[in-house]
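Asker: For reference, the file model-v9.tsv (TSV, C-alpha atoms) is included below:
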chain	number	residue	atom	x	y	z
O	253	MET	CA	6.96	46.05	-58.58
O	254	ARG	CA	7.27	46.04	-62.37
O	255	LEU	CA	8.81	43.52	-64.74
O	256	LEU	CA	11.79	44.24	-66.97
O	257	PRO	CA	12.76	42.13	-70.00
O	258	LEU	CA	16.35	40.92	-69.93
O	259	PHE	CA	18.09	40.14	-73.22
O	260	PHE	CA	21.50	38.50	-73.54
O	261	GLY	CA	22.84	36.01	-76.07
O	262	GLY	CA	19.38	35.45	-77.50
O	263	LEU	CA	17.84	34.65	-74.13
O	264	LEU	CA	14.87	36.43	-72.62
O	265	ALA	CA	14.04	36.51	-68.92
O	266	MET	CA	11.88	38.63	-66.68
O	267	ALA	CA	12.96	40.15	-63.39
O	268	GLN	CA	11.00	41.96	-60.73
O	269	VAL	CA	12.39	45.35	-59.91
O	270	PRO	CA	12.66	46.18	-56.21
O	271	GLY	CA	13.09	49.72	-55.06
O	272	GLY	CA	16.44	51.46	-54.82
O	273	PHE	CA	20.04	50.36	-55.05
O	274	SER	CA	21.32	47.68	-52.67
O	275	GLU	CA	21.49	48.35	-48.96
O	276	ARG	CA	24.43	50.32	-47.64
O	277	ASP	CA	24.99	47.94	-44.71
O	278	PRO	CA	23.21	44.69	-45.61
O	279	ARG	CA	22.58	42.21	-42.81
O	280	TYR	CA	24.04	38.72	-43.07
O	281	ARG	CA	21.67	36.22	-44.66
O	282	ILE	CA	21.69	32.58	-43.70
O	283	GLN	CA	23.18	30.24	-46.29
O	284	PRO	CA	23.30	26.46	-46.82
O	285	SER	CA	26.02	24.84	-44.66
O	286	ASP	CA	25.66	27.49	-41.93
O	287	VAL	CA	25.07	26.22	-38.41
O	288	ILE	CA	22.59	28.12	-36.27
O	289	GLU	CA	21.93	27.93	-32.55
O	290	VAL	CA	18.35	28.19	-31.28
O	291	GLN	CA	17.91	28.89	-27.57
O	292	TYR	CA	14.53	28.94	-25.85
O	293	ARG	CA	14.35	31.15	-22.79
O	294	TYR	CA	11.72	29.19	-20.87
O	295	THR	CA	12.03	25.74	-22.44
O	296	PRO	CA	15.77	25.05	-22.75
O	297	GLU	CA	15.08	21.38	-23.43
O	298	TYR	CA	14.41	22.46	-27.01
O	299	ASN	CA	17.72	24.30	-27.42
O	300	GLN	CA	19.54	23.04	-30.48
O	301	ASN	CA	22.37	23.58	-32.94
O	302	ALA	CA	21.26	22.79	-36.48
O	303	SER	CA	22.86	22.82	-39.93
O	304	VAL	CA	21.22	24.49	-42.90
O	305	GLN	CA	20.77	21.86	-45.58
O	306	PRO	CA	21.55	22.40	-49.30
O	307	ASP	CA	17.85	23.03	-49.97
O	308	GLY	CA	17.82	25.82	-47.37
O	309	PHE	CA	15.78	23.98	-44.75
O	310	VAL	CA	16.67	23.42	-41.10
O	311	SER	CA	15.24	20.55	-39.08
O	312	LEU	CA	14.29	21.59	-35.53
O	313	GLN	CA	13.02	19.16	-32.95
O	314	LEU	CA	10.00	21.21	-31.81
O	315	ILE	CA	8.69	22.54	-35.12
O	316	GLY	CA	10.12	20.26	-37.79
O	317	ASP	CA	11.54	21.58	-41.06
O	318	VAL	CA	11.60	25.30	-41.73
O	319	LYS	CA	13.29	27.13	-44.61
O	320	LEU	CA	15.75	29.74	-43.32
O	321	ALA	CA	18.23	30.20	-46.17
O	322	GLY	CA	18.14	33.76	-47.47
O	323	LEU	CA	16.78	35.16	-44.20
O	324	THR	CA	18.52	37.46	-41.75
O	325	LEU	CA	18.85	36.25	-38.17
O	326	ASP	CA	15.96	38.47	-37.11
O	327	GLN	CA	13.78	37.05	-39.88
O	328	ALA	CA	14.81	33.50	-38.95
O	329	ARG	CA	13.87	34.17	-35.33
O	330	THR	CA	10.44	35.41	-36.42
O	331	ALA	CA	9.91	32.36	-38.65
O	332	ILE	CA	10.82	29.94	-35.86
O	333	LEU	CA	8.87	31.90	-33.25
O	334	THR	CA	5.73	31.81	-35.40
O	335	ARG	CA	5.94	28.04	-35.74
O	336	ALA	CA	6.84	27.53	-32.07
O	337	ALA	CA	3.82	29.56	-30.95
O	338	ALA	CA	1.61	26.75	-32.21
O	339	ARG	CA	3.24	24.39	-29.70
O	340	LEU	CA	4.26	26.64	-26.81
O	341	ARG	CA	2.56	29.40	-24.86
O	342	ASP	CA	4.30	32.78	-25.31
O	343	PRO	CA	7.63	31.33	-26.48
O	344	ASP	CA	10.77	33.46	-26.32
O	345	LEU	CA	13.88	32.44	-28.21
O	346	ALA	CA	17.15	33.68	-29.66
O	347	VAL	CA	18.82	32.64	-32.91
O	348	SER	CA	22.58	33.03	-33.46
O	349	LEU	CA	25.22	31.83	-35.91
O	350	ARG	CA	27.61	29.16	-34.73
O	351	GLU	CA	29.32	28.53	-38.07
O	352	TYR	CA	29.04	30.44	-41.32
O	353	GLU	CA	30.65	30.72	-44.71
O	354	LYS	CA	33.56	33.13	-44.89
O	355	PRO	CA	32.84	36.20	-47.04
O	356	TYR	CA	33.97	35.80	-50.65
O	357	PHE	CA	33.68	37.26	-54.14
O	358	VAL	CA	33.94	35.68	-57.59
O	359	VAL	CA	35.84	36.88	-60.65
O	360	ALA	CA	34.99	35.23	-63.97
O	361	GLY	CA	35.55	35.69	-67.68
O	362	GLU	CA	38.67	37.08	-69.35
O	363	VAL	CA	41.09	37.03	-66.40
O	364	ARG	CA	44.14	34.81	-65.93
O	365	ASN	CA	42.92	32.99	-62.82
O	366	PRO	CA	39.14	33.12	-62.58
O	367	GLY	CA	37.59	31.77	-59.41
O	368	ARG	CA	36.36	32.42	-55.92
O	369	PHE	CA	38.39	34.56	-53.54
O	370	GLU	CA	38.09	35.19	-49.82
O	371	LEU	CA	37.04	38.75	-49.06
O	372	ARG	CA	39.40	40.08	-46.41
O	373	GLY	CA	39.01	43.70	-45.48
O	374	THR	CA	38.35	46.26	-48.18
O	375	VAL	CA	38.76	45.06	-51.78
O	376	THR	CA	37.88	47.19	-54.81
O	377	ALA	CA	36.96	45.92	-58.26
O	378	VAL	CA	40.40	46.82	-59.64
O	379	GLU	CA	42.10	44.99	-56.76
O	380	ALA	CA	39.84	41.97	-57.34
O	381	ILE	CA	40.93	41.78	-60.98
O	382	ALA	CA	44.56	41.93	-59.84
O	383	MET	CA	43.94	39.10	-57.35
O	384	ALA	CA	42.58	37.05	-60.26
O	385	GLY	CA	45.87	37.51	-62.14
O	386	GLY	CA	44.84	40.51	-64.20
O	387	PHE	CA	43.15	40.61	-67.58
O	388	HIS	CA	43.71	37.53	-69.72
O	389	ALA	CA	44.52	39.41	-72.93
O	390	PRO	CA	45.21	43.00	-73.99
O	391	ASP	CA	41.84	43.14	-75.73
O	392	ALA	CA	39.88	41.98	-72.67
O	393	LYS	CA	36.90	44.27	-72.32
O	394	HIS	CA	37.99	45.98	-69.12
O	395	SER	CA	35.98	49.03	-70.11
O	396	SER	CA	32.72	47.08	-69.62
O	397	VAL	CA	33.22	44.81	-66.62
O	398	VAL	CA	29.92	43.70	-65.09
O	399	LEU	CA	29.32	43.68	-61.36
O	400	PHE	CA	26.50	41.41	-60.15
O	401	ARG	CA	25.30	42.07	-56.62
O	402	ARG	CA	22.61	40.07	-54.87
O	403	ILE	CA	19.95	42.26	-53.26
O	404	SER	CA	17.44	39.55	-52.31
O	405	PRO	CA	17.33	35.74	-52.45
O	406	GLU	CA	15.88	35.94	-55.99
O	407	ILE	CA	17.10	39.23	-57.47
O	408	GLY	CA	20.53	40.61	-58.36
O	409	GLU	CA	21.50	44.11	-59.42
O	410	THR	CA	24.05	44.85	-62.15
O	411	LYS	CA	26.48	47.69	-62.76
O	412	LEU	CA	28.76	48.28	-65.73
O	413	LEU	CA	32.26	49.33	-64.61
O	414	ASP	CA	34.82	51.10	-66.79
O	415	LEU	CA	37.89	49.71	-65.02
O	416	LYS	CA	40.14	50.90	-67.84
O	417	HIS	CA	39.18	54.44	-66.91
O	418	ALA	CA	39.43	53.66	-63.18
O	419	MET	CA	43.00	52.35	-63.54
O	420	ASN	CA	44.19	55.41	-65.43
O	421	THR	CA	42.39	58.20	-63.59
O	422	PRO	CA	41.16	58.79	-60.06
O	423	ALA	CA	37.65	57.66	-61.04
O	424	LEU	CA	36.64	56.38	-57.65
O	425	GLU	CA	33.00	56.02	-58.65
O	426	GLU	CA	34.06	53.30	-61.11
O	427	ASP	CA	36.37	51.40	-58.75
O	428	VAL	CA	33.64	50.21	-56.40
O	429	THR	CA	34.25	48.42	-53.12
O	430	LEU	CA	33.11	44.80	-53.25
O	431	ARG	CA	30.70	43.19	-50.84
O	432	PRO	CA	30.37	39.53	-49.84
O	433	GLY	CA	28.93	37.44	-52.66
O	434	ASP	CA	29.68	39.96	-55.42
O	435	LEU	CA	30.41	38.56	-58.87
O	436	LEU	CA	32.67	40.33	-61.38
O	437	LEU	CA	32.55	39.33	-65.05
O	438	VAL	CA	35.13	40.47	-67.61
O	439	PRO	CA	33.29	39.80	-70.90
O	440	GLN	CA	34.79	38.54	-74.13
O	441	ASN	CA	32.75	41.06	-76.13
O	442	LYS	CA	31.97	44.64	-75.22
O	443	ILE	CA	28.69	45.19	-73.41
O	444	SER	CA	27.23	48.63	-73.98
O	445	LYS	CA	24.03	48.16	-72.01
O	446	ILE	CA	22.66	45.73	-69.46
O	447	GLU	CA	19.40	45.62	-67.56
O	448	ARG	CA	19.75	46.85	-64.00
O	449	PHE	CA	17.99	43.90	-62.34
O	450	VAL	CA	18.27	40.17	-63.12
O	451	LYS	CA	16.91	36.99	-61.67
O	452	TRP	CA	19.78	35.52	-59.65
O	453	ALA	CA	19.05	32.07	-61.04
O	454	ASN	CA	19.77	33.47	-64.53
O	455	VAL	CA	23.12	35.08	-63.73
O	456	GLY	CA	24.96	32.02	-65.05
O	457	MET	CA	23.81	32.76	-68.60
O	458	TYR	CA	26.06	35.82	-68.62
O	459	TRP	CA	29.03	33.54	-67.98
O	460	ASN	CA	28.08	31.16	-70.80
O	461	PRO	CA	25.80	33.02	-73.22
O	462	VAL	CA	24.30	31.24	-76.21
O	463	GLY	CA	26.52	31.43	-79.24
O	464	ARG	CA	29.69	32.31	-77.41
Starting from the file, lay out its structure as structure tokens.

Answerer:
Amino acid sequence: MRLLPLFFGGLLAMAQVPGGFSERDPRYRIQPSDVIEVQYRYTPEYNQNASVQPDGFVSLQLIGDVKLAGLTLDQARTAILTRAAARLRDPDLAVSLREYEKPYFVVAGEVRNPGRFELRGTVTAVEAIAMAGGFHAPDAKHSSVVLFRRISPEIGETKLLDLKHAMNTPALEEDVTLRPGDLLLVPQNKISKIERFVKWANVGMYWNPVGR
């Protein structure tokens, strides 16, 4: 991986660049407040439902605390299995979701009703803006809307969308279909260029850049 400098509002950050654009069919990743079920095939006395805490850890009676937030179910199973192997001989277990956060997207910036919206079915970027009440003012920069998409627990990918063009022509490549967790930002000032990858922890600086 290589490092890219990220400049915005006078801030500088560094982000690692993974390969390729985000997965076509990404697997669900465990999040805080989810409830998982762990079932042991040969030692059912250790079966348990457990909540994922805000720090991402789950407390399991056989192995103690293990961090599962950001992992797929298969990865969580491997993490638990590795720890359980230190206590049990040839353990076999299954991990499933009992409760999970409903899919959502966020629209922020120069729209009438910014916020978090439940993602039901197929929603495009243009439809998401409409759900947020439309652009806040005629001069809202709808020709440079930024889509932030998480591609790993630490890294997000960005894409500049010309929704002005998408609303007036059949520019389907601009009116992208949203995925769970996507963030759309309608900026106050035009953005002509943005780095492709950002640290997810730094995404908030695009909402409230220095000097805005």

Asker: In terms of the shortest atom-to-atom distance over only C-alpha atoms, which of O:Ala331, O:Leu399, O:Val359, O:Met383 is closest to Asp414 of chain O?

Answerer: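 Between O:Ala331, O:Leu399, O:Val359, O:Met383, the residue approaching Asp414 of chain O most closely is O:Leu399.
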
Asker: Is there a way to get, as a VMD selection string, all residues within 12 Å of the point (15.5, 21.7, -41.6) in file coordinates, counting only C-alpha atoms?

Answerer: chain O and resid 284 to 288 300 to 321 332

Asker: In Å to one decimal, how far is atom CA of Gln327 of chain O from atom CA of Tyr356 of chain O?

Answerer: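 Separation of atom CA of Tyr356 of chain O and atom CA of Gln327 of chain O: 22.9 Å.
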
Asker: Select, counting only C-alpha atoms, all protein, DNA and RNA residues no farther than 9 Å from (21.7, 44.8, -58.5) in file coordinates, and express the selection as a PyMOL selection string.

Answerer: chain O and resi 273-274+399-403+407-411+448-450

Asker: In Å, rounded to a single decimal, give me how far atom CA of Glu447 of chain O is from atom CA of Val378 of chain O.

Answerer: 22.5 Å

Asker: Give the answer as one residue: which of O:Leu325, O:Ala338, O:Leu371, O:Ala380 has the shortest atom-to-atom distance to Val428 of chain O, using all atoms listed in the file?

Answerer: O:Ala380

Asker: Which distance in Å separates atom CA of Lys442 of chain O and atom CA of Pro355 of chain O, to one decimal?

Answerer: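 That distance, rounded to one decimal, is 29.4 Å.
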
Asker: Measuring between only C-alpha atoms, which one of O:Val347, O:Val438, O:Leu430, O:Ala328 shows the shortest distance to His388 of chain O?

Answerer: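 When distances to His388 of chain O are compared using only C-alpha atoms, the smallest one comes from O:Val438.
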
Asker: Need to verify the contact set: segment 367-370 of chain O, 12 Å, only C-alpha atoms, exclusion of same-chain residues closer than 5 positions in sequence. Can you return it as a list of chain:residue names?

Answerer: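 Near neighbours after the sequence-gap exclusion: O:Glu353, O:Lys354, O:Pro355, O:Tyr356, O:Phe357, O:Val358, O:Val359, O:Ala360, O:Gly361, O:Glu362, O:Val375, O:Glu379, O:Ala380, O:Ile381, O:Ala382, O:Met383, O:Ala384, O:Gly385, O:Leu430, O:Arg431, O:Pro432, O:Gly433, O:Asp434, O:Leu435, O:Leu436, O:Leu437.
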
Asker: Centre and edge lengths, as JSON, for the axis-aligned box enclosing every listed atom of segment 302-315 of chain O with 5 Å of padding on each of the six sides, in Å to one decimal?

Answerer:
{"center_x": 15.8, "center_y": 22.5, "center_z": -40.9, "size_x": 24.2, "size_y": 16.7, "size_z": 28.2}
